[in-house]
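Enquirer: Pasting a structure below so you can have a look.
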Amino acid sequence: MAGMYIHIPFCFSRCNYCDYYKTTDLYLKKKYVESLISEIKYRSEQFKYPIETIFFGGGTPSLLEIYEVEKILSTIYNIFEVIPQAEVTFECNPDDLSIEYLTNIRSFGINRISIGIQSFSDNDLQIMGRRHNVKQAYKSIEMAFNAGFQNISADIIYGLPWNNIKLFKENLKQFISLKLPHFSAYHLEIETGTNFFNNKMKKIDDSESFEQYMLLCDTMQNIGMQHYEVSNYCMVGYFSRHNFAYWQRKPYLGIGAGAHSFHENCRFFNPKDVALYNMQNFDEIIEEEVLNKKEIYNEHILLGLRIYEGVNINFIKNKFTEFYRNFNDTAKKWINKNVLFVEGDWLKCFEKQWIIIDRVIEDFIEL
Ligand code: SF4
């Protein structure tokens, strides 16, 4: 079983905090959809797994026209073996949606949508350079329910430097009032090259950041959400199957500019440049990376410590004997600091310490 990721690298405008590769050259989109279709056909010769999840991510997939979504999905269904209970996710921005759009994409088999709400404060949305406002955010959720979607996720951004805990609490109240089964919550980072970085936006201070993170965790727990990955919360059974498969290192096929694929410990990359991708030289332009044992070990640590299950200690002991001693020493060090703990065969991170997980992972990494 495997996942398929379809990348839509177009955005109508650039949000002030975003460092993802994307383009606002929308005139390239028509040709790009043709290229996606050609790539799906081309890759079907090389990638023979049954597909259990499909994920449209971006950029902004909801900039696709209804007929473009249909064309892409029908190509996939015609060529690949997609299992009957496949999870098919579509990322969208609130201001692109209409009941007609949502009803149509649902009829093509999309059964999970992830909406980039980010905040229920017009002030936050404006400073972040988002195109939508709070009214549109509410409307988008209402329309999604009315179109028949049950599996709906909303994105939340916290750690905004111009906010405080009181404002964040108010904001969170709006999110949980939606009664959605899934939330993805990301801490704002000031990444190089973004408008925030160029305008010297200051990062929030660590204690405020921690306070907001703890409020987020407690609030989600109080409404029965499972914190199943550093940035993801869900009601029982509503975890993102697609993302979970990434974290478990299952094979996946990435279609589109900048997309990458993974199988048998090899990673294949498509070029990021949309104009180059549109030339459709799918074999010539691909970059390949074969992971060595050290890199595979590092990935197990990196991915395992970010999910609730943690890292399987016996697996590391048996498969990576050469790194086990370091692994054990580093684990002990962080256990003594009350950051990590052992449950059965699993090494896990305490929820309140997930906020520093990057530092912990760095310590485990074999160079
Ligand atoms: S945050 Fe989303 S919508 Fe905004 S520029 Fe980045 S990818 Fe586009």
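Residue numbering restarts at 1 in every chain; chains get A, B, ... in the order shown in the structure tokens, and ligands count up from 1 in that same order.
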Could you give me, as an MDAnalysis selection string, every polymer residue with an atom at most 7 Å away from an atom of ligand 1, counting only C-alpha atoms and all ligand atoms?
Expert: chainID A and resid 11 13:15 18:20 22 58:60 93 130
Enquirer: So which residues of region 115-244 of chain A fall under alpha helix (DSSP H) by DSSP, listed as an mmCIF file with N, CA and C atoms, in the first residue's frame?
Expert:
data_model
loop_
_atom_site.group_PDB
_atom_site.id
_atom_site.type_symbol
_atom_site.label_atom_id
_atom_site.label_comp_id
_atom_site.auth_asym_id
_atom_site.auth_seq_id
_atom_site.Cartn_x
_atom_site.Cartn_y
_atom_site.Cartn_z
ATOM 1 N N ASP A 122 -9.443 38.977 12.567
ATOM 2 C CA ASP A 122 -9.153 39.696 11.318
ATOM 3 C C ASP A 122 -7.809 40.411 11.389
ATOM 4 N N ASN A 123 -7.466 40.871 12.610
ATOM 5 C CA ASN A 123 -6.181 41.547 12.771
ATOM 6 C C ASN A 123 -5.023 40.593 12.454
ATOM 7 N N ASP A 124 -5.083 39.376 13.001
ATOM 8 C CA ASP A 124 -4.025 38.371 12.721
ATOM 9 C C ASP A 124 -3.959 38.079 11.226
ATOM 10 N N LEU A 125 -5.127 37.848 10.636
ATOM 11 C CA LEU A 125 -5.156 37.446 9.222
ATOM 12 C C LEU A 125 -4.566 38.533 8.334
ATOM 13 N N GLN A 126 -4.880 39.767 8.710
ATOM 14 C CA GLN A 126 -4.364 40.889 7.918
ATOM 15 C C GLN A 126 -2.841 41.011 8.055
ATOM 16 N N ILE A 127 -2.350 40.910 9.289
ATOM 17 C CA ILE A 127 -0.890 41.033 9.489
ATOM 18 C C ILE A 127 -0.160 39.886 8.777
ATOM 19 N N MET A 128 -0.769 38.695 8.797
ATOM 20 C CA MET A 128 -0.111 37.542 8.153
ATOM 21 C C MET A 128 -0.222 37.581 6.632
ATOM 22 N N VAL A 134 -12.415 36.622 8.756
ATOM 23 C CA VAL A 134 -13.056 35.699 9.704
ATOM 24 C C VAL A 134 -14.416 35.227 9.185
ATOM 25 N N LYS A 135 -15.164 36.152 8.593
ATOM 26 C CA LYS A 135 -16.485 35.782 8.077
ATOM 27 C C LYS A 135 -16.358 34.648 7.039
ATOM 28 N N GLN A 136 -15.388 34.792 6.160
ATOM 29 C CA GLN A 136 -15.182 33.755 5.130
ATOM 30 C C GLN A 136 -14.736 32.428 5.766
ATOM 31 N N ALA A 137 -13.962 32.540 6.842
ATOM 32 C CA ALA A 137 -13.491 31.325 7.519
ATOM 33 C C ALA A 137 -14.683 30.531 8.055
ATOM 34 N N TYR A 138 -15.586 31.228 8.762
ATOM 35 C CA TYR A 138 -16.782 30.540 9.285
ATOM 36 C C TYR A 138 -17.623 29.955 8.159
ATOM 37 N N LYS A 139 -17.784 30.765 7.143
ATOM 38 C CA LYS A 139 -18.627 30.350 6.005
ATOM 39 C C LYS A 139 -18.067 29.064 5.362
ATOM 40 N N SER A 140 -16.734 29.020 5.235
ATOM 41 C CA SER A 140 -16.121 27.862 4.569
ATOM 42 C C SER A 140 -16.409 26.569 5.332
ATOM 43 N N ILE A 141 -16.370 26.654 6.659
ATOM 44 C CA ILE A 141 -16.646 25.449 7.469
ATOM 45 C C ILE A 141 -18.114 25.053 7.316
ATOM 46 N N GLU A 142 -18.983 26.056 7.371
ATOM 47 C CA GLU A 142 -20.418 25.780 7.241
ATOM 48 C C GLU A 142 -20.700 25.111 5.886
ATOM 49 N N MET A 143 -20.079 25.642 4.837
ATOM 50 C CA MET A 143 -20.304 25.070 3.501
ATOM 51 C C MET A 143 -19.759 23.645 3.410
ATOM 52 N N ALA A 144 -18.607 23.429 4.051
ATOM 53 C CA ALA A 144 -18.011 22.082 3.995
ATOM 54 C C ALA A 144 -18.957 21.061 4.631
ATOM 55 N N PHE A 145 -19.527 21.418 5.790
ATOM 56 C CA PHE A 145 -20.500 20.512 6.428
ATOM 57 C C PHE A 145 -21.704 20.327 5.512
ATOM 58 N N ASN A 146 -22.204 21.440 4.955
ATOM 59 C CA ASN A 146 -23.400 21.351 4.105
ATOM 60 C C ASN A 146 -23.149 20.538 2.836
ATOM 61 N N ILE A 165 -1.446 35.663 25.479
ATOM 62 C CA ILE A 165 -2.154 34.436 25.838
ATOM 63 C C ILE A 165 -3.673 34.655 25.866
ATOM 64 N N LYS A 166 -4.083 35.861 26.281
ATOM 65 C CA LYS A 166 -5.523 36.137 26.380
ATOM 66 C C LYS A 166 -6.164 36.107 24.982
ATOM 67 N N LEU A 167 -5.496 36.748 24.046
ATOM 68 C CA LEU A 167 -6.043 36.784 22.678
ATOM 69 C C LEU A 167 -6.037 35.388 22.056
ATOM 70 N N PHE A 168 -4.976 34.628 22.342
ATOM 71 C CA PHE A 168 -4.902 33.277 21.787
ATOM 72 C C PHE A 168 -6.014 32.395 22.366
ATOM 73 N N LYS A 169 -6.294 32.603 23.652
ATOM 74 C CA LYS A 169 -7.357 31.824 24.299
ATOM 75 C C LYS A 169 -8.696 32.095 23.609
ATOM 76 N N GLU A 170 -8.961 33.362 23.336
ATOM 77 C CA GLU A 170 -10.200 33.746 22.643
ATOM 78 C C GLU A 170 -10.279 33.072 21.271
ATOM 79 N N ASN A 171 -9.147 33.114 20.591
ATOM 80 C CA ASN A 171 -9.048 32.531 19.258
ATOM 81 C C ASN A 171 -9.334 31.020 19.293
ATOM 82 N N LEU A 172 -8.685 30.349 20.237
ATOM 83 C CA LEU A 172 -8.858 28.892 20.365
ATOM 84 C C LEU A 172 -10.319 28.523 20.634
ATOM 85 N N LYS A 173 -10.996 29.374 21.433
ATOM 86 C CA LYS A 173 -12.410 29.119 21.733
ATOM 87 C C LYS A 173 -13.221 29.031 20.444
ATOM 88 N N GLN A 174 -12.907 29.906 19.488
ATOM 89 C CA GLN A 174 -13.633 29.899 18.216
ATOM 90 C C GLN A 174 -13.351 28.593 17.473
ATOM 91 N N PHE A 175 -12.087 28.184 17.491
ATOM 92 C CA PHE A 175 -11.735 26.939 16.787
ATOM 93 C C PHE A 175 -12.492 25.744 17.364
ATOM 94 N N ILE A 176 -12.471 25.639 18.687
ATOM 95 C CA ILE A 176 -13.081 24.411 19.244
ATOM 96 C C ILE A 176 -14.608 24.444 19.153
ATOM 97 N N SER A 177 -15.170 25.664 19.002
ATOM 98 C CA SER A 177 -16.636 25.739 18.863
ATOM 99 C C SER A 177 -17.088 25.122 17.528
ATOM 100 N N ASN A 195 8.430 37.813 4.040
ATOM 101 C CA ASN A 195 8.214 39.245 4.292
ATOM 102 C C ASN A 195 8.436 39.577 5.762
ATOM 103 N N PHE A 196 8.023 38.673 6.652
ATOM 104 C CA PHE A 196 8.249 38.915 8.079
ATOM 105 C C PHE A 196 9.737 39.043 8.375
ATOM 106 N N PHE A 197 10.513 38.175 7.776
ATOM 107 C CA PHE A 197 11.969 38.201 7.999
ATOM 108 C C PHE A 197 12.546 39.511 7.454
ATOM 109 N N ASN A 198 12.156 39.838 6.230
ATOM 110 C CA ASN A 198 12.698 41.047 5.599
ATOM 111 C C ASN A 198 12.293 42.314 6.352
ATOM 112 N N ASP A 206 10.254 32.958 24.466
ATOM 113 C CA ASP A 206 10.087 31.515 24.720
ATOM 114 C C ASP A 206 9.023 31.200 25.766
ATOM 115 N N SER A 207 8.937 32.032 26.820
ATOM 116 C CA SER A 207 7.980 31.692 27.874
ATOM 117 C C SER A 207 6.542 31.867 27.369
ATOM 118 N N GLU A 208 6.309 32.906 26.571
ATOM 119 C CA GLU A 208 4.973 33.130 26.000
ATOM 120 C C GLU A 208 4.635 31.984 25.030
ATOM 121 N N SER A 209 5.653 31.603 24.274
ATOM 122 C CA SER A 209 5.496 30.529 23.314
ATOM 123 C C SER A 209 5.069 29.234 24.028
ATOM 124 N N PHE A 210 5.760 28.925 25.115
ATOM 125 C CA PHE A 210 5.480 27.713 25.879
ATOM 126 C C PHE A 210 4.073 27.776 26.486
ATOM 127 N N GLU A 211 3.716 28.974 26.996
ATOM 128 C CA GLU A 211 2.392 29.142 27.601
ATOM 129 C C GLU A 211 1.281 28.877 26.566
ATOM 130 N N GLN A 212 1.484 29.394 25.372
ATOM 131 C CA GLN A 212 0.481 29.197 24.318
ATOM 132 C C GLN A 212 0.401 27.720 23.915
ATOM 133 N N TYR A 213 1.571 27.093 23.825
ATOM 134 C CA TYR A 213 1.604 25.674 23.450
ATOM 135 C C TYR A 213 0.856 24.835 24.488
ATOM 136 N N MET A 214 1.100 25.119 25.779
ATOM 137 C CA MET A 214 0.443 24.360 26.831
ATOM 138 C C MET A 214 -1.066 24.583 26.828
ATOM 139 N N LEU A 215 -1.456 25.831 26.564
ATOM 140 C CA LEU A 215 -2.894 26.137 26.484
ATOM 141 C C LEU A 215 -3.535 25.337 25.342
ATOM 142 N N LEU A 216 -2.822 25.294 24.236
ATOM 143 C CA LEU A 216 -3.302 24.541 23.072
ATOM 144 C C LEU A 216 -3.488 23.056 23.434
ATOM 145 N N CYS A 217 -2.452 22.460 24.038
ATOM 146 C CA CYS A 217 -2.513 21.027 24.391
ATOM 147 C C CYS A 217 -3.665 20.777 25.368
ATOM 148 N N ASP A 218 -3.768 21.613 26.416
ATOM 149 C CA ASP A 218 -4.814 21.395 27.428
ATOM 150 C C ASP A 218 -6.203 21.544 26.822
ATOM 151 N N THR A 219 -6.353 22.568 25.973
ATOM 152 C CA THR A 219 -7.664 22.815 25.370
ATOM 153 C C THR A 219 -8.074 21.631 24.509
ATOM 154 N N MET A 220 -7.144 21.140 23.727
ATOM 155 C CA MET A 220 -7.454 20.007 22.837
ATOM 156 C C MET A 220 -7.783 18.759 23.670
ATOM 157 N N GLN A 221 -7.018 18.576 24.726
ATOM 158 C CA GLN A 221 -7.272 17.407 25.569
ATOM 159 C C GLN A 221 -8.662 17.493 26.210
ATOM 160 N N ASN A 222 -9.033 18.700 26.647
ATOM 161 C CA ASN A 222 -10.341 18.876 27.291
ATOM 162 C C ASN A 222 -11.518 18.569 26.372
ATOM 163 N N ARG A 241 -4.404 9.763 7.651
ATOM 164 C CA ARG A 241 -3.760 8.494 7.259
ATOM 165 C C ARG A 241 -2.602 8.761 6.319
ATOM 166 N N HIS A 242 -2.740 9.769 5.485
ATOM 167 C CA HIS A 242 -1.686 10.082 4.515
ATOM 168 C C HIS A 242 -0.401 10.520 5.246
ATOM 169 N N ASN A 243 -0.550 11.497 6.146
ATOM 170 C CA ASN A 243 0.649 11.972 6.845
ATOM 171 C C ASN A 243 1.230 10.898 7.748
ATOM 172 N N PHE A 244 0.353 10.104 8.354
ATOM 173 C CA PHE A 244 0.841 9.065 9.247
ATOM 174 C C PHE A 244 1.702 8.057 8.485
#
Enquirer: Which residues are close to region 34-38 of chain A, i.e. within 6 Å by only C-alpha atoms, leaving aside same-chain residues fewer than 3 positions away? Reply as a ChimeraX atom specification.
Expert: /A:31,41,256,278
Enquirer: Would you please work out which residue, of A:Phe56, A:His263, A:Phe90, A:Glu309, is nearest to Met1 (chain A) when using only C-alpha atoms?
Expert: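 Using only C-alpha atoms, the shortest distance to Met1 (chain A) belongs to A:His263.
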Enquirer: Skip Leu276 (chain A) itself and residues of its chain fewer than 2 positions away, then list as a PyMOL selection string all residues within 12 Å of it, counting only C-alpha atoms.
Expert: chain A and resi 28+31-32+35+256-258+270-274+278-282+284-286
Enquirer: Give me the residues near region 72-80 of chain A as a PDB file with N, CA and C atoms, in the first residue's frame, where near means some atom within 7 Å (using only C-alpha atoms) and where sequence neighbours in that chain fewer than 6 positions away do not count.
Expert:
ATOM      1  N   ILE A  37      -1.092  15.326 -15.355  1.00  0.00           N
ATOM      2  CA  ILE A  37      -1.746  14.152 -15.953  1.00  0.00           C
ATOM      3  C   ILE A  37      -0.700  13.272 -16.657  1.00  0.00           C
ATOM      4  N   ILE A  40       1.397  11.464 -14.021  1.00  0.00           N
ATOM      5  CA  ILE A  40       0.665  10.349 -13.384  1.00  0.00           C
ATOM      6  C   ILE A  40       0.749   9.121 -14.293  1.00  0.00           C
ATOM      7  N   SER A  44       3.036   5.607 -13.504  1.00  0.00           N
ATOM      8  CA  SER A  44       2.295   4.364 -13.242  1.00  0.00           C
ATOM      9  C   SER A  44       3.081   3.154 -13.744  1.00  0.00           C
ATOM     10  N   PRO A  50      -0.731  -0.518  -4.683  1.00  0.00           N
ATOM     11  CA  PRO A  50      -2.113  -0.023  -4.564  1.00  0.00           C
ATOM     12  C   PRO A  50      -2.103   1.275  -3.737  1.00  0.00           C
TER      13      PRO A  50
END
Enquirer: My list of candidates is A:Tyr228, A:Tyr324, A:Tyr252, A:Phe149. Which is closest to Ser184 (chain A) when distances are computed with only C-alpha atoms?
Expert: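 Residue with the minimum atom-to-atom distance to Ser184 (chain A): A:Tyr228.
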Enquirer: Measuring between only C-alpha atoms, which one of A:Ile113, A:Met4, A:Leu347, A:Leu340 shows the shortest distance to Asn314 (chain A)?
Expert: A:Leu347
Enquirer: Let me make sure I understand: among A:Leu64, A:Ile307, A:Asn16, A:Gln353, which one has the smallest atom-to-atom distance to Ala245 (chain A) if we use only C-alpha atoms?
Expert: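 Using only C-alpha atoms, the shortest distance to Ala245 (chain A) belongs to A:Ile307.
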Enquirer: Identify, with DSSP run on backbone atoms, the residues in region 77-237 of chain A assigned to strand (DSSP E or B), and express the list as a ChimeraX atom specification.
Expert: /A:82-92,112-118,151-158,182-187,226-229,232-234
Enquirer: Using only C-alpha atoms, which residues sit within 9 Å of His300 (chain A) once same-chain residues fewer than 6 positions away are excluded, as number ranges by chain?
Expert: A: 247-249, 311, 316
